[in-house]
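A.B. asks: If you scroll down you'll find the structure; I have some questions about it.
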Amino acid sequence: MYAARPSRGVCGDICQPLIGFWHMVQKSPQEVADYYMREWNRLQSDGYQVYYEIRQRFNAEKSPLDLLFLSRTCVNGLIRFNGDGEFNNSFHHTRKGVDPRRFEKIVFDWHEKISQIRFLCGDYRETTKTATKNDIIYLDPPYENTRGRYYGTIDYEEFYTYLEGLNKKGIRYVLSFDGMRGNKEYETGIPKELYVHKIMLASGNSSFKKVMDKSREPVYEALYTNW
């Protein structure tokens, strides 16, 4: 969305704190920047226990601002939830997190870019039900081989039926859905009749492998289009 810079658009997710965060960037960017600076300074002065205090608070209250802080200070920025929807990644001890002065500039940059975007919390079928042939839908669901790491679940057979419905309506979509890590390909088995092109895009090295065994494996993400 940031790169495409549409004149207007809709963004949706089932994670309420995430959508709440984007509403705050739209409406009160200074509050977002001030919160981050306050908690970041507290982390530097009081130590890593601040991170776990905020994680516990987020899991109890689901504050959008606490989710922001965790995402900027957890291990390699990997946002992970357990089966109960609780944030469960650990603190990144060798990294301070984004400097608050730099972060404030980023917040106000995004504040400007998303002024004409509607952010909706809900199922993908609900957030895209008003789409027409004049729109393009970008979809980034949890990949089939990553069950349990993300917020919520998805029925993949229902998702394939949804894609079939977009094809019948002539609505264009772009889908990030699987890919490769090293020499291992993570095929999801998406029916070939649902898409026209599959493009493999280099996206850096695997953060997961870096954390788990200190190795580097190149990652390629698959991008599917129906036109």
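In the structure tokens, chains take the letters A, B, ... in the order shown, each chain's residues start at 1, and ligands count up from 1 in the order shown.
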Which residues are near segment 88-104 of chain A? Cut-off 10 Å, only C-alpha atoms, ignore same chain within fewer than 6 positions. Put them as a PyMOL selection string.
C.D. replies: chain A and resi 29-41+43-44+47-52+55-56+59+69-82+149
A.B. asks: Would you give me, as a ChimeraX atom specification, the residues in segment 5-211 of chain A that DSSP reads as strand (DSSP E or B)?
C.D. replies: /A:9-13,74,81,87,91,117-121,136-139,172-181,184-186,197-205
A.B. asks: Which residues are close to segment 189-199 of chain A, i.e. within 6 Å by only C-alpha atoms, leaving aside same-chain residues fewer than 2 positions away? Reply as a VMD selection string.
C.D. replies: chain A and resid 187 222 to 227
A.B. asks: In Å, rounded to a single decimal, give me how far atom CA of Ile19 of chain A is from atom CA of Cys121 of chain A.
C.D. replies: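 Going from atom CA of Cys121 of chain A over to atom CA of Ile19 of chain A, I get 6.1 Å.
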A.B. asks: Which value, in Å to one decimal, gives the distance between atom CA of Lys27 of chain A and atom CA of Pro64 of chain A?
C.D. replies: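 If I compute the distance from atom CA of Lys27 of chain A to atom CA of Pro64 of chain A, I get 13.4 Å.
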A.B. asks: Name the residues in contact with Pro6 of chain A at a cut-off of 10 Å, using only C-alpha atoms, excluding same-chain residues fewer than 2 positions from it; report them as JSON, numbers by chain.
C.D. replies: {"A": [1, 2, 3, 4, 8, 9, 10, 113, 114, 116, 117]}
A.B. asks: Emit the selected residues as a PDB file, in the first residue's frame, including N, CA, C and O atoms.
C.D. replies:
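Final file, selection.pdb:
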```
ATOM      1  N   MET A   1       0.824  -1.196   0.000  1.00  0.00           N
ATOM      2  CA  MET A   1       0.000   0.000   0.000  1.00  0.00           C
ATOM      3  C   MET A   1       0.864   1.255   0.000  1.00  0.00           C
ATOM      4  O   MET A   1       0.598   2.210  -0.713  1.00  0.00           O
ATOM      5  N   TYR A   2       1.887   1.227   0.809  1.00  0.00           N
ATOM      6  CA  TYR A   2       2.781   2.387   0.900  1.00  0.00           C
ATOM      7  C   TYR A   2       3.413   2.677  -0.446  1.00  0.00           C
ATOM      8  O   TYR A   2       3.497   3.832  -0.881  1.00  0.00           O
ATOM      9  N   ALA A   3       3.866   1.639  -1.128  1.00  0.00           N
ATOM     10  CA  ALA A   3       4.541   1.826  -2.418  1.00  0.00           C
ATOM     11  C   ALA A   3       3.551   2.195  -3.524  1.00  0.00           C
ATOM     12  O   ALA A   3       3.850   3.031  -4.378  1.00  0.00           O
ATOM     13  N   ALA A   4       2.374   1.574  -3.497  1.00  0.00           N
ATOM     14  CA  ALA A   4       1.389   1.826  -4.544  1.00  0.00           C
ATOM     15  C   ALA A   4       0.739   3.201  -4.406  1.00  0.00           C
ATOM     16  O   ALA A   4       0.363   3.815  -5.399  1.00  0.00           O
ATOM     17  N   ARG A   8      -7.350   6.036  -2.881  1.00  0.00           N
ATOM     18  CA  ARG A   8      -8.204   5.560  -1.787  1.00  0.00           C
ATOM     19  C   ARG A   8      -8.123   4.038  -1.751  1.00  0.00           C
ATOM     20  O   ARG A   8      -7.738   3.406  -2.736  1.00  0.00           O
ATOM     21  N   GLY A   9      -8.475   3.457  -0.611  1.00  0.00           N
ATOM     22  CA  GLY A   9      -8.376   2.014  -0.499  1.00  0.00           C
ATOM     23  C   GLY A   9      -8.915   1.521   0.825  1.00  0.00           C
ATOM     24  O   GLY A   9      -9.301   2.307   1.698  1.00  0.00           O
ATOM     25  N   VAL A  10      -8.943   0.185   0.964  1.00  0.00           N
ATOM     26  CA  VAL A  10      -9.416  -0.470   2.178  1.00  0.00           C
ATOM     27  C   VAL A  10      -8.356  -1.476   2.606  1.00  0.00           C
ATOM     28  O   VAL A  10      -7.847  -2.237   1.783  1.00  0.00           O
ATOM     29  N   LYS A 113       0.629   9.205   4.319  1.00  0.00           N
ATOM     30  CA  LYS A 113       0.372   8.265   3.226  1.00  0.00           C
ATOM     31  C   LYS A 113      -0.986   7.569   3.339  1.00  0.00           C
ATOM     32  O   LYS A 113      -1.554   7.150   2.333  1.00  0.00           O
ATOM     33  N   ILE A 114      -1.514   7.391   4.551  1.00  0.00           N
ATOM     34  CA  ILE A 114      -2.730   6.590   4.732  1.00  0.00           C
ATOM     35  C   ILE A 114      -3.975   7.432   4.992  1.00  0.00           C
ATOM     36  O   ILE A 114      -4.995   6.914   5.436  1.00  0.00           O
ATOM     37  N   GLN A 116      -6.248   8.534   3.121  1.00  0.00           N
ATOM     38  CA  GLN A 116      -7.440   8.157   2.353  1.00  0.00           C
ATOM     39  C   GLN A 116      -7.741   6.650   2.421  1.00  0.00           C
ATOM     40  O   GLN A 116      -8.486   6.128   1.600  1.00  0.00           O
ATOM     41  N   ILE A 117      -7.168   5.973   3.407  1.00  0.00           N
ATOM     42  CA  ILE A 117      -7.359   4.534   3.540  1.00  0.00           C
ATOM     43  C   ILE A 117      -8.335   4.218   4.674  1.00  0.00           C
ATOM     44  O   ILE A 117      -8.250   4.799   5.751  1.00  0.00           O
TER      45      ILE A 117
END
```
A.B. asks: Rounded to one decimal in Å, what is the spacing between atom CA of Ile171 of chain A and atom CA of Thr132 of chain A?
C.D. replies: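 Atom CA of Ile171 of chain A sits 6.1 Å away from atom CA of Thr132 of chain A.
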A.B. asks: Choose the residue, out of A:Ser28, A:Thr128, A:Asn134, A:Thr161, that has the smallest atom-to-atom separation from Gly12 of chain A; count only C-alpha atoms.
C.D. replies: A:Thr128
A.B. asks: Can you pull out the residues contacting segment 177-184 of chain A? Cut-off 7 Å, using only C-alpha atoms, and skip same-chain residues under 5 positions away; I want them as a list in words.
C.D. replies: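 In the requested form, the answer reads Asp140, Pro141, Tyr143, Glu217, Pro218, Val219, Tyr220, Glu221, Ala222 and Leu223 of chain A.
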